[in-house]
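S.K.: Sending over my_file-v7.txt (compact mmCIF, C-alpha atoms and all ligand atoms).
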# COMPACT_ATOMS: atom_id res chain seq x y z
CA MET A 1 35.76 57.87 -112.56
CA ILE A 2 35.75 54.30 -113.80
CA ASN A 3 33.50 51.39 -112.79
CA LYS A 4 34.68 47.78 -113.08
CA LYS A 5 32.13 44.96 -113.34
CA LEU A 6 31.98 41.25 -114.01
CA VAL A 7 29.54 40.11 -116.70
CA LEU A 8 28.53 36.59 -117.72
CA ALA A 9 30.55 35.38 -120.72
CA ALA A 10 29.49 31.71 -120.77
CA ARG A 11 27.11 29.43 -118.84
CA PRO A 12 29.26 27.50 -116.35
CA LYS A 13 29.61 23.74 -116.28
CA GLY A 14 30.46 22.41 -112.81
CA LEU A 15 32.61 24.89 -110.89
CA VAL A 16 32.79 28.35 -112.52
CA LYS A 17 35.94 29.26 -114.48
CA GLN A 18 37.49 32.71 -114.98
CA SER A 19 36.58 32.35 -118.68
CA ASP A 20 32.86 32.24 -117.74
CA PHE A 21 33.20 35.96 -116.88
CA LEU A 22 34.43 39.13 -118.53
CA LEU A 23 35.84 42.04 -116.55
CA GLU A 24 34.49 45.22 -118.15
CA THR A 25 35.25 48.86 -117.40
CA GLU A 26 33.02 51.85 -118.05
CA ASP A 27 33.02 55.58 -117.31
CA ILE A 28 30.74 56.56 -114.43
CA ARG A 29 28.22 59.04 -115.87
CA GLU A 30 26.81 62.14 -114.17
CA LEU A 31 23.91 61.53 -111.79
CA LYS A 32 20.34 62.38 -112.81
CA GLU A 33 17.89 63.86 -110.34
CA ASN A 34 17.00 61.44 -107.48
CA GLU A 35 19.94 59.13 -108.22
CA CYS A 36 22.89 58.37 -105.98
CA LEU A 37 26.32 56.86 -106.57
CA ILE A 38 27.33 54.13 -104.14
CA LYS A 39 30.81 52.65 -103.73
CA THR A 40 30.61 48.89 -103.14
CA GLN A 41 32.21 47.78 -99.91
CA PHE A 42 31.22 44.10 -99.58
CA LEU A 43 29.48 41.65 -101.91
CA SER A 44 27.62 38.55 -100.79
CA LEU A 45 28.05 35.07 -102.28
CA ALA A 46 25.17 32.58 -102.29
CA PRO A 47 24.76 29.15 -103.86
CA VAL A 48 21.64 30.37 -105.72
CA MET A 49 23.90 32.51 -107.98
CA LYS A 50 24.77 29.35 -109.86
CA PHE A 51 21.09 29.03 -110.81
CA TYR A 52 20.99 32.55 -112.23
CA MET A 53 23.97 31.73 -114.43
CA LEU A 54 22.33 28.50 -115.66
CA ASP A 55 18.55 28.86 -116.00
CA GLY A 56 17.19 30.88 -113.07
CA GLY A 57 16.33 27.72 -111.10
CA GLY A 58 12.66 28.70 -111.03
CA PHE A 59 13.44 31.72 -108.80
CA ALA A 60 14.28 34.38 -111.35
CA ASN A 61 15.05 34.99 -115.00
CA PRO A 62 18.40 33.52 -115.99
CA LEU A 63 21.19 36.01 -116.55
CA SER A 64 21.75 36.89 -120.20
CA ILE A 65 25.21 36.57 -121.68
CA GLY A 66 26.81 40.00 -121.23
CA GLU A 67 24.66 40.87 -118.18
CA THR A 68 26.31 41.98 -114.91
CA ILE A 69 26.17 39.13 -112.39
CA ARG A 70 23.39 39.75 -109.87
CA GLY A 71 24.05 39.81 -106.15
CA ARG A 72 23.48 41.75 -102.97
CA GLY A 73 26.04 44.08 -101.48
CA VAL A 74 26.63 46.92 -99.04
CA GLY A 75 28.36 50.18 -99.79
CA GLN A 76 28.65 53.86 -99.01
CA VAL A 77 26.92 56.71 -100.82
CA ILE A 78 29.63 58.95 -102.27
CA LYS A 79 27.44 61.33 -104.34
CA SER A 80 23.76 61.97 -104.10
CA ARG A 81 20.96 63.85 -105.81
CA ASN A 82 18.37 62.08 -103.65
CA THR A 83 17.10 63.63 -100.44
CA SER A 84 16.59 60.25 -98.70
CA TYR A 85 20.20 59.11 -99.20
CA LYS A 86 23.05 61.44 -98.31
CA GLU A 87 26.81 61.18 -98.77
CA GLY A 88 28.30 58.88 -96.14
CA ASP A 89 25.18 56.75 -95.69
CA TYR A 90 25.69 52.97 -95.78
CA VAL A 91 23.15 51.06 -97.85
CA SER A 92 22.29 47.48 -98.64
CA ALA A 93 21.04 46.87 -102.18
CA ASN A 94 21.21 44.66 -105.22
CA PHE A 95 24.61 45.94 -106.33
CA GLY A 96 25.61 43.27 -108.81
CA TRP A 97 29.25 42.27 -109.14
CA GLN A 98 30.67 45.77 -109.65
CA GLU A 99 32.66 48.44 -107.85
CA TYR A 100 30.10 51.26 -108.12
CA LEU A 101 26.33 51.36 -108.37
CA ILE A 102 24.18 54.21 -109.68
CA SER A 103 20.74 53.76 -108.14
CA ASP A 104 17.50 55.62 -108.80
CA CYS A 105 16.61 54.68 -105.19
CA VAL A 106 13.13 53.38 -106.14
CA SER A 107 13.32 50.48 -108.58
CA ASP A 108 15.32 48.28 -106.18
CA LYS A 109 12.65 47.42 -103.60
CA MET A 110 15.28 45.75 -101.43
CA MET A 111 17.48 48.86 -101.10
CA TYR A 112 17.64 50.34 -97.60
CA LYS A 113 19.87 52.45 -95.35
CA LEU A 114 21.80 50.57 -92.65
CA ASP A 115 21.23 51.42 -89.01
CA ASP A 116 24.23 52.78 -87.14
CA HIS A 117 24.56 49.80 -84.77
CA GLY A 118 28.32 49.78 -84.39
CA LEU A 119 28.86 46.44 -86.19
CA SER A 120 30.59 46.05 -89.56
CA PRO A 121 28.32 46.88 -92.56
CA SER A 122 29.16 43.35 -93.78
CA THR A 123 26.71 41.99 -91.19
CA ALA A 124 23.87 43.32 -93.37
CA LEU A 125 24.77 40.55 -95.83
CA GLY A 126 25.09 37.84 -93.18
CA VAL A 127 23.64 37.61 -89.71
CA LEU A 128 21.67 40.88 -90.02
CA GLY A 129 20.53 40.26 -93.60
CA VAL A 130 18.64 37.74 -95.67
CA THR A 131 21.03 34.94 -94.58
CA GLY A 132 20.34 35.54 -90.89
CA TYR A 133 16.61 35.89 -91.51
CA THR A 134 16.69 32.51 -93.28
CA SER A 135 18.20 30.91 -90.15
CA TYR A 136 15.74 32.73 -87.87
CA PHE A 137 12.47 32.02 -89.72
CA GLY A 138 13.63 28.60 -90.93
CA LEU A 139 14.40 27.40 -87.41
CA TYR A 140 11.69 29.13 -85.40
CA GLU A 141 8.75 29.23 -87.83
CA ILE A 142 9.22 26.32 -90.26
CA GLY A 143 11.12 24.18 -87.70
CA GLU A 144 8.70 25.16 -84.89
CA LEU A 145 11.62 24.93 -82.46
CA LYS A 146 10.78 24.06 -78.85
CA GLU A 147 12.82 23.98 -75.65
CA ASN A 148 14.88 20.76 -75.27
CA ASP A 149 14.55 19.90 -78.97
CA ILE A 150 17.52 18.25 -80.68
CA VAL A 151 18.30 19.97 -83.99
CA LEU A 152 20.41 18.46 -86.75
CA VAL A 153 21.89 21.01 -89.19
CA SER A 154 23.66 20.29 -92.49
CA ALA A 155 26.22 22.78 -93.88
CA ALA A 156 26.37 23.91 -90.24
CA ALA A 157 29.48 26.02 -90.82
CA GLY A 158 27.99 27.81 -93.84
CA GLY A 159 26.25 31.19 -94.04
CA VAL A 160 22.84 30.04 -92.80
CA GLY A 161 24.15 27.20 -90.62
CA ASN A 162 26.67 29.20 -88.58
CA ILE A 163 23.90 31.16 -86.88
CA ILE A 164 21.68 28.21 -86.03
CA GLY A 165 23.72 26.84 -83.12
CA GLY A 166 23.27 30.13 -81.26
CA LEU A 167 19.60 30.53 -82.18
CA ALA A 168 18.86 27.01 -80.93
CA LYS A 169 20.74 27.56 -77.67
CA ILE A 170 18.82 30.79 -76.99
CA LYS A 171 15.61 28.71 -76.99
CA GLY A 172 17.08 25.92 -74.83
CA ALA A 173 17.60 23.42 -77.67
CA LYS A 174 20.67 21.32 -78.55
CA THR A 175 22.39 21.13 -81.93
CA ILE A 176 24.30 18.60 -83.97
CA GLY A 177 26.16 20.16 -86.90
CA LEU A 178 27.35 18.39 -90.03
CA THR A 179 30.49 19.64 -91.74
CA SER A 180 33.38 18.42 -93.87
CA LYS A 181 36.52 19.75 -92.17
CA PRO A 182 38.08 19.60 -88.67
CA GLU A 183 38.84 23.35 -88.65
CA LYS A 184 35.15 24.07 -89.29
CA ALA A 185 34.14 21.62 -86.55
CA LYS A 186 36.38 23.52 -84.12
CA VAL A 187 34.70 26.87 -84.92
CA LEU A 188 31.23 25.30 -84.57
CA LEU A 189 32.00 23.85 -81.13
CA GLU A 190 34.15 26.64 -79.70
CA LYS A 191 32.51 29.76 -81.11
CA LEU A 192 29.11 28.98 -82.60
CA SER A 193 27.37 27.13 -79.73
CA TYR A 194 27.03 23.73 -81.43
CA ASP A 195 26.87 20.84 -78.95
CA HIS A 196 28.09 18.08 -81.31
CA VAL A 197 29.67 17.97 -84.74
CA ILE A 198 29.84 15.10 -87.21
CA ASN A 199 32.32 15.17 -90.09
CA TYR A 200 30.18 13.63 -92.83
CA LYS A 201 33.23 12.99 -95.04
CA THR A 202 35.20 10.94 -92.52
CA GLU A 203 32.55 9.55 -90.14
CA ASN A 204 29.49 7.32 -90.58
CA VAL A 205 26.70 9.89 -90.12
CA ASP A 206 23.99 7.32 -89.37
CA GLU A 207 26.05 5.54 -86.70
CA ARG A 208 27.18 8.79 -85.08
CA LEU A 209 23.62 10.14 -85.02
CA LYS A 210 22.41 6.99 -83.30
CA GLU A 211 25.13 7.44 -80.64
CA ILE A 212 24.47 11.15 -80.04
CA ALA A 213 20.66 11.11 -80.38
CA PRO A 214 19.53 7.49 -79.93
CA ASN A 215 15.85 8.53 -79.92
CA GLY A 216 16.24 10.66 -83.04
CA VAL A 217 16.14 14.40 -83.73
CA ASP A 218 13.19 16.80 -83.42
CA VAL A 219 14.25 19.14 -86.22
CA TYR A 220 16.40 18.56 -89.27
CA PHE A 221 17.46 21.87 -90.86
CA ASP A 222 18.40 20.80 -94.37
CA ASN A 223 20.76 22.99 -96.39
CA VAL A 224 22.12 20.24 -98.64
CA GLY A 225 19.46 17.72 -99.76
CA GLY A 226 20.61 14.46 -101.39
CA GLU A 227 22.05 11.53 -99.47
CA ILE A 228 22.42 13.42 -96.19
CA LEU A 229 18.69 14.22 -96.20
CA ASP A 230 18.00 10.52 -96.77
CA ILE A 231 20.11 9.58 -93.72
CA ALA A 232 18.43 12.29 -91.62
CA LEU A 233 15.00 10.86 -92.47
CA THR A 234 15.95 7.59 -90.78
CA ASN A 235 16.84 9.50 -87.60
CA LEU A 236 13.69 11.51 -86.97
CA LYS A 237 11.69 11.40 -83.77
CA LYS A 238 7.91 11.14 -83.92
CA PHE A 239 6.40 14.51 -84.93
CA ALA A 240 9.77 15.80 -86.15
CA ARG A 241 10.01 18.74 -88.53
CA VAL A 242 12.26 18.76 -91.61
CA VAL A 243 13.10 22.30 -92.75
CA CYS A 244 13.84 22.22 -96.49
CA CYS A 245 15.99 25.32 -96.79
CA GLY A 246 18.34 24.36 -99.63
CA ARG A 247 19.94 21.46 -101.48
CA ILE A 248 23.45 22.54 -102.40
CA SER A 249 24.57 18.94 -103.00
CA THR A 250 22.48 19.03 -106.17
CA TYR A 251 23.44 22.51 -107.47
CA GLY A 252 27.10 22.05 -108.31
CA ASP A 253 27.00 19.21 -110.77
CA GLU A 254 24.99 19.88 -113.91
CA LYS A 255 23.91 16.27 -114.23
CA LEU A 256 22.72 15.95 -110.64
CA TYR A 257 20.86 19.22 -111.01
CA GLU A 258 19.03 17.84 -114.06
CA GLN A 259 18.29 14.42 -112.61
CA ASN A 260 18.09 15.41 -108.96
CA TYR A 261 18.39 12.89 -106.14
CA ARG A 262 15.67 10.30 -105.57
CA LEU A 263 14.96 9.88 -101.82
CA LYS A 264 14.79 6.30 -100.57
CA ASN A 265 13.46 7.01 -97.09
CA TRP A 266 10.62 9.47 -97.72
CA HIS A 267 8.09 6.87 -96.46
CA LEU A 268 9.42 7.41 -92.93
CA ILE A 269 7.76 10.84 -92.92
CA LEU A 270 4.45 9.00 -92.54
CA GLY A 271 5.63 6.46 -89.97
CA ARG A 272 7.19 9.18 -87.82
CA ARG A 273 4.20 11.49 -88.35
CA ALA A 274 6.80 14.07 -89.33
CA LYS A 275 6.40 17.28 -91.31
CA MET A 276 8.63 18.34 -94.18
CA GLN A 277 8.29 21.92 -95.41
CA GLY A 278 10.10 24.08 -97.91
CA PHE A 279 10.17 27.86 -97.66
CA PHE A 280 11.33 30.91 -99.58
CA ILE A 281 12.72 33.60 -97.30
CA TYR A 282 11.23 36.55 -99.22
CA ASN A 283 7.77 35.34 -98.16
CA PHE A 284 8.77 36.54 -94.68
CA GLN A 285 9.78 39.99 -95.94
CA PRO A 286 7.10 41.85 -93.92
CA ARG A 287 8.72 40.41 -90.77
CA PHE A 288 12.40 41.09 -91.64
CA ARG A 289 12.52 44.01 -89.17
CA GLU A 290 11.41 41.74 -86.33
CA ALA A 291 14.19 39.24 -87.15
CA HIS A 292 16.78 42.02 -87.56
CA ASP A 293 16.01 43.56 -84.16
CA LYS A 294 16.00 40.23 -82.33
CA LEU A 295 19.27 39.09 -83.93
CA LEU A 296 20.94 42.43 -83.15
CA GLN A 297 19.71 42.30 -79.56
CA TRP A 298 21.19 38.79 -79.09
CA ILE A 299 24.52 39.79 -80.69
CA LYS A 300 24.76 42.82 -78.39
CA SER A 301 23.90 40.75 -75.30
CA GLY A 302 26.59 38.21 -76.26
CA GLU A 303 24.07 35.37 -76.69
CA LEU A 304 24.61 35.04 -80.45
CA ASN A 305 27.88 34.65 -82.33
CA TYR A 306 28.41 34.58 -86.08
CA HIS A 307 31.31 33.98 -88.44
CA GLU A 308 32.24 35.69 -91.72
CA ASP A 309 34.67 34.50 -94.39
CA ILE A 310 36.02 37.52 -96.26
CA GLN A 311 37.98 37.27 -99.53
CA VAL A 312 39.31 40.40 -101.24
CA GLY A 313 38.83 42.08 -104.64
CA LEU A 314 36.22 42.03 -107.41
CA GLU A 315 38.39 39.66 -109.47
CA SER A 316 38.13 37.04 -106.70
CA MET A 317 34.31 36.79 -106.96
CA PRO A 318 34.29 33.65 -109.19
CA ALA A 319 36.76 31.83 -106.92
CA ALA A 320 34.72 32.93 -103.88
CA LEU A 321 31.57 31.43 -105.44
CA ASN A 322 33.43 28.17 -105.97
CA ARG A 323 34.47 28.14 -102.31
CA LEU A 324 30.80 27.41 -101.43
CA PHE A 325 30.72 24.32 -103.64
CA GLU A 326 34.19 23.21 -102.57
CA GLY A 327 33.27 23.49 -98.88
CA LYS A 328 36.06 26.03 -98.28
CA ASN A 329 34.01 28.83 -96.68
CA VAL A 330 33.83 29.06 -92.91
CA GLY A 331 30.74 31.12 -92.12
CA LYS A 332 29.08 33.59 -94.46
CA GLN A 333 31.06 33.99 -97.69
CA LEU A 334 31.73 37.64 -98.56
CA VAL A 335 34.17 39.58 -100.73
CA LYS A 336 35.56 42.95 -99.66
CA ILE A 337 35.58 45.19 -102.72
CA SER A 338 36.82 48.49 -101.22
N1 LIG B 1 15.00 28.84 -98.74
C1 LIG B 1 15.53 30.05 -98.84
O1 LIG B 1 14.85 31.06 -98.98
C2 LIG B 1 17.03 30.17 -98.78
C3 LIG B 1 17.66 31.40 -98.50
C4 LIG B 1 19.05 31.44 -98.41
C5 LIG B 1 19.79 30.27 -98.63
N2 LIG B 1 19.13 29.12 -98.93
C6 LIG B 1 19.86 27.84 -99.11
O2 LIG B 1 20.43 27.53 -97.85
C7 LIG B 1 21.62 26.78 -98.03
C8 LIG B 1 22.76 27.48 -97.29
O3 LIG B 1 23.01 28.73 -97.95
P1 LIG B 1 24.34 29.56 -97.62
O4 LIG B 1 24.29 30.78 -98.45
O5 LIG B 1 24.48 29.67 -96.16
O6 LIG B 1 25.47 28.62 -98.20
P2 LIG B 1 26.56 27.83 -97.40
O7 LIG B 1 25.93 26.95 -96.37
O8 LIG B 1 27.63 28.73 -96.96
O9 LIG B 1 27.05 26.86 -98.56
C9 LIG B 1 28.33 26.34 -98.64
C10 LIG B 1 28.52 25.10 -97.78
O10 LIG B 1 27.69 24.02 -98.24
C11 LIG B 1 28.33 22.79 -97.97
N3 LIG B 1 28.34 21.95 -99.19
C12 LIG B 1 28.81 22.31 -100.41
N4 LIG B 1 28.65 21.29 -101.28
C13 LIG B 1 28.10 20.27 -100.58
C14 LIG B 1 27.71 18.95 -100.92
N5 LIG B 1 27.87 18.46 -102.16
N6 LIG B 1 27.18 18.17 -99.95
C15 LIG B 1 27.01 18.64 -98.70
N7 LIG B 1 27.35 19.89 -98.31
C16 LIG B 1 27.89 20.68 -99.24
C17 LIG B 1 29.76 23.11 -97.56
O11 LIG B 1 29.85 22.99 -96.14
P3 LIG B 1 30.64 21.74 -95.48
O12 LIG B 1 32.05 21.85 -95.93
O13 LIG B 1 30.48 21.96 -94.03
O14 LIG B 1 29.98 20.55 -95.99
C18 LIG B 1 29.92 24.57 -97.95
O15 LIG B 1 30.84 25.25 -97.14
C19 LIG B 1 21.84 26.68 -99.54
O16 LIG B 1 21.37 25.44 -100.00
C20 LIG B 1 21.02 27.84 -100.09
O17 LIG B 1 20.62 27.62 -101.41
C21 LIG B 1 17.78 29.05 -99.00
As structure tokens, please, write out the structure in this file.
M.R.:
Amino acid sequence: MINKKLVLAARPKGLVKQSDFLLETEDIRELKENECLIKTQFLSLAPVMKFYMLDGGGFANPLSIGETIRGRGVGQVIKSRNTSYKEGDYVSANFGWQEYLISDCVSDKMMYKLDDHGLSPSTALGVLGVTGYTSYFGLYEIGELKENDIVLVSAAAGGVGNIIGGLAKIKGAKTIGLTSKPEKAKVLLEKLSYDHVINYKTENVDERLKEIAPNGVDVYFDNVGGEILDIALTNLKKFARVVCCGRISTYGDEKLYEQNYRLKNWHLILGRRAKMQGFFIYNFQPRFREAHDKLLQWIKSGELNYHEDIQVGLESMPAALNRLFEGKNVGKQLVKIS
């Protein structure tokens, strides 16, 4: 049997190019005791992968040239010499961008067996995985969401954002989503429980916010940073909470990433007696089970919808990563490998 994998060939500049990667093949060796062989079914794409390819972004060691690109995935055990994982089990793990994974089942602390809940295994990378937990803890814990709050969400139609409309509605709050395309706006309003959508490319965000929420917003869930964060700061209610989840507007362009964006309106945090807090989802790891069970319960009861964007084939991974920076993904970006 042969494994195919994508390794880093060059550090990308701007959007990634096919020449930044090499497609390598290797024979799949025999399993040692306690190992299992897993066939990759879906791989997850996340903006943070760009950091790994550049310099680690302060989260992790940068990838070395020649190293398999890191990333989470789900797959099915097809051979096992481990008593905890048997053939046919579905697992979530740090697969890397490859078609097969040999795991010793201990060194990856984030490897686990999926529950048989009747949903696609891909959900373990989206709504029922780290992405969904980011929406859940970001909104409820960092955003301290309350009934009747008005929540503004940037990259609302992205992986984290697509779940927030439903989570807010469940607690009796209202949402305003920011996005760049009419087709995404339609999905947000018709499927994902958003109350209002602003197209930040074609509309004046500040004016529209003042029409929709003349007294300001209670929570701003920030996935993008930069200029949109600056506009949001001028539209906060007293005692508002700003959830600093991500800042994708500063990841794509090497120069912006180096210089970063200087906020003009940060002083309003004081005037509005607002709170602004960053968070790293793995700090909530001991409570992942709680989030998983709640999210599953709400999906089953029909209170929570989610959206996945599935591309196909290992070779399409670089283009799928670019889709995040080009605003092409609708919902959680995944690639189906087998
Ligand atoms: N704090 C944590 O622990 C944690 C965990 C997971 C993710 N995150 C962060 O959360 C954010 C969302 O992650 P995700 O995986 O769900 O990605 P995502 O939202 O699916 O990211 C892609 C979307 O970002 C928007 N976007 C891209 N470039 C932009 C720009 N220059 N300005 C404004 N918007 C832009 C686009 O949406 P539109 O077309 O609608 O603009 C695009 O579809 C990211 O910043 C990520 O780094 C943080």
S.K.: Please report as a Markdown table every residue of range 235-322 of chain A lying within 9 Å of range 41-52 of chain A, along with the nearest atom pair and their distance in Å (one decimal), using only C-alpha atoms.
M.R.:
| residue | atom | partner | partner_atom | distance |
| --- | --- | --- | --- | --- |
| A:Ile248 | CA | A:Pro47 | CA | 6.9 |
| A:Tyr251 | CA | A:Lys50 | CA | 7.4 |
| A:Gly252 | CA | A:Lys50 | CA | 7.8 |
| A:Ile310 | CA | A:Phe42 | CA | 8.8 |
| A:Leu314 | CA | A:Leu43 | CA | 8.7 |
| A:Met317 | CA | A:Leu45 | CA | 8.0 |
| A:Ala320 | CA | A:Leu45 | CA | 7.2 |
| A:Leu321 | CA | A:Leu45 | CA | 6.0 |
| A:Asn322 | CA | A:Pro47 | CA | 9.0 |
S.K.: Can you pull out every residue with an atom within 6 Å of ligand LIG 1 (chain B)? Use all atoms listed in the file and format it as a PyMOL selection string.
M.R.: chain A and resi 46-48+131+134+155-160+179-180+223-224+245-249+279-281+324-329+332
S.K.: Please produce, as a tab-separated table, a per-residue contact table for range 221-284 of chain A versus range 140-149 of chain A (criterion: any atom at most 7 Å away, only C-alpha atoms considered), showing the nearest atom pair and its distance in Å to one decimal, sorted by chain then residue number.
M.R.:
residue	atom	partner	partner_atom	distance
A:Arg241	CA	A:Gly143	CA	5.6
A:Val242	CA	A:Gly143	CA	6.8
A:Val243	CA	A:Gly143	CA	5.7
A:Gln277	CA	A:Ile142	CA	6.8
S.K.: Can you tell me, as a list in words, what residues are no more than 12 Å from Pro214 in chain A when counting only C-alpha atoms, ignoring any on the same chain fewer than 2 positions away?
M.R.: Ile150, Asp206, Glu207, Arg208, Leu209, Lys210, Glu211, Ile212, Gly216, Val217, Asp218, Thr234, Asn235, Leu236 and Lys237 of chain A
S.K.: Would you mind telling me which residue in A:Ile228, A:Ile170, A:Leu296, A:Pro286 lies nearest to Asn265 in chain A when using all atoms listed in the file?
M.R.: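 Closest candidate: A:Ile228.
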S.K.: As an exercise, work out the distance from CA of Ile102 in chain A to CA of Ile38 in chain A in Å and give it to one decimal place.
M.R.: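 CA of Ile102 in chain A sits 6.4 Å away from CA of Ile38 in chain A.
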S.K.: Suppose you want the space between CA of Arg29 in chain A and CA of Gly66 in chain A; what is it in Å?
M.R.: 19.8 Å
S.K.: If you measure from CA of Val187 in chain A to CA of Tyr136 in chain A, what distance in Å do you get, rounded to one decimal?
M.R.: 20.1 Å
S.K.: Considering all atoms listed in the file, state which residue in the set A:Leu192, A:Ala93, A:Leu229, A:Ala9 is at the smallest distance from Thr175 in chain A.
M.R.: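 Between A:Leu192, A:Ala93, A:Leu229, A:Ala9, the residue approaching Thr175 in chain A most closely is A:Leu192.
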S.K.: At most 9 Å from (18.8, 7.0, -105.5), file frame, all atoms listed in the file: which residues, as a PyMOL selection string?
M.R.: chain A and resi 226-227+261-264
S.K.: Which one of A:Lys79, A:His117, A:Lys191, A:Arg70 sits closest to Asn94 in chain A if you count all atoms listed in the file?
M.R.: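 Nearest to Asn94 in chain A: A:Arg70.
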S.K.: Using all atoms listed in the file, which residue out of A:Ala291, A:Lys13, A:Ile69, A:Val219 lies closest to Phe239 in chain A?
M.R.: A:Val219
S.K.: Which one of A:Ser84, A:Ser154, A:Thr68, A:Ser135 sits closest to Leu167 in chain A if you count only C-alpha atoms?
M.R.: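 Of A:Ser84, A:Ser154, A:Thr68, A:Ser135, the one nearest Leu167 in chain A is A:Ser135, counting only C-alpha atoms.
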S.K.: Please write as a ChimeraX atom specification the list of polymer residues whose atoms come within 8 Å of (32.3, 47.3, -118.7), counting only C-alpha atoms and keeping to the coordinates of the file.
M.R.: /A:3-7,23-26
S.K.: Leaving out Tyr85 in chain A and any residue of its chain fewer than 5 positions from it, which residues lie within 9 Å of it when counting only C-alpha atoms, given as an mmCIF file with C-alpha atoms, in the coordinates of the input?
M.R.:
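And here's out_31.cif as it stands now:
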data_model
loop_
_atom_site.group_PDB
_atom_site.id
_atom_site.type_symbol
_atom_site.label_atom_id
_atom_site.label_comp_id
_atom_site.auth_asym_id
_atom_site.auth_seq_id
_atom_site.Cartn_x
_atom_site.Cartn_y
_atom_site.Cartn_z
ATOM 1 C CA CYS A 36 22.890 58.370 -105.980
ATOM 2 C CA VAL A 77 26.920 56.710 -100.820
ATOM 3 C CA SER A 80 23.760 61.970 -104.100
ATOM 4 C CA TYR A 90 25.690 52.970 -95.780
ATOM 5 C CA VAL A 91 23.150 51.060 -97.850
ATOM 6 C CA CYS A 105 16.610 54.680 -105.190
ATOM 7 C CA LYS A 113 19.870 52.450 -95.350
#
S.K.: Pick from A:His196, A:Lys184, A:Lys174, A:His292: nearest to Asp309 in chain A, with only C-alpha atoms counted?
M.R.: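 Among the listed residues, the smallest separation from Asp309 in chain A belongs to A:Lys184.
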S.K.: Taking every listed atom of range 2-18 of chain A and adding 4 Å to each side, what centre and edge lengths in Å (one decimal) does the axis-aligned box have, as lines of an AutoDock Vina configuration file?
M.R.:
center_x = 32.3
center_y = 38.4
center_z = -115.8
size_x = 18.4
size_y = 39.9
size_z = 17.9
S.K.: Can you pull out the residues contacting Asp195 in chain A? Cut-off 12 Å, using only C-alpha atoms, and skip same-chain residues under 6 positions away; I want them as a list in words.
M.R.: Ile150, Val151, Leu152, Val153, Ala156, Ile164, Gly165, Gly166, Ala168, Lys169, Gly172, Ala173, Lys174, Thr175, Ile176, Gly177, Leu178, Ala185, Lys186, Val187, Leu188, Leu189, Ile212 and Ala213 of chain A
S.K.: Missing atoms in range 125-137 of chain A: fill them in up to N, CA and C atoms and send the result as an mmCIF file, in the frame of the given file.
M.R.:
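That gives us part_15.cif:
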data_model
loop_
_atom_site.group_PDB
_atom_site.id
_atom_site.type_symbol
_atom_site.label_atom_id
_atom_site.label_comp_id
_atom_site.auth_asym_id
_atom_site.auth_seq_id
_atom_site.Cartn_x
_atom_site.Cartn_y
_atom_site.Cartn_z
ATOM 1 N N LEU A 125 24.840 41.601 -94.811
ATOM 2 C CA LEU A 125 24.770 40.550 -95.830
ATOM 3 C C LEU A 125 24.768 39.167 -95.185
ATOM 4 N N GLY A 126 25.023 39.117 -93.879
ATOM 5 C CA GLY A 126 25.090 37.840 -93.180
ATOM 6 C C GLY A 126 24.041 37.762 -92.101
ATOM 7 N N VAL A 127 24.529 37.837 -90.855
ATOM 8 C CA VAL A 127 23.640 37.610 -89.710
ATOM 9 C C VAL A 127 22.491 38.622 -89.639
ATOM 10 N N LEU A 128 22.738 39.869 -90.084
ATOM 11 C CA LEU A 128 21.670 40.880 -90.020
ATOM 12 C C LEU A 128 21.069 41.149 -91.403
ATOM 13 N N GLY A 129 21.117 40.140 -92.260
ATOM 14 C CA GLY A 129 20.530 40.260 -93.600
ATOM 15 C C GLY A 129 19.738 39.008 -93.932
ATOM 16 N N VAL A 130 19.492 38.841 -95.218
ATOM 17 C CA VAL A 130 18.640 37.740 -95.670
ATOM 18 C C VAL A 130 19.141 36.377 -95.150
ATOM 19 N N THR A 131 20.475 36.210 -95.068
ATOM 20 C CA THR A 131 21.030 34.940 -94.580
ATOM 21 C C THR A 131 20.597 34.674 -93.143
ATOM 22 N N GLY A 132 20.747 35.689 -92.294
ATOM 23 C CA GLY A 132 20.340 35.540 -90.890
ATOM 24 C C GLY A 132 18.841 35.338 -90.755
ATOM 25 N N TYR A 133 18.073 36.027 -91.588
ATOM 26 C CA TYR A 133 16.610 35.890 -91.510
ATOM 27 C C TYR A 133 16.198 34.464 -91.924
ATOM 28 N N THR A 134 16.984 33.886 -92.844
ATOM 29 C CA THR A 134 16.690 32.510 -93.280
ATOM 30 C C THR A 134 16.889 31.540 -92.102
ATOM 31 N N SER A 135 17.964 31.761 -91.332
ATOM 32 C CA SER A 135 18.200 30.910 -90.150
ATOM 33 C C SER A 135 17.064 31.123 -89.146
ATOM 34 N N TYR A 136 16.722 32.368 -88.898
ATOM 35 C CA TYR A 136 15.740 32.730 -87.870
ATOM 36 C C TYR A 136 14.346 32.151 -88.202
ATOM 37 N N PHE A 137 13.830 32.479 -89.387
ATOM 38 C CA PHE A 137 12.470 32.020 -89.720
ATOM 39 C C PHE A 137 12.464 30.515 -90.025
#
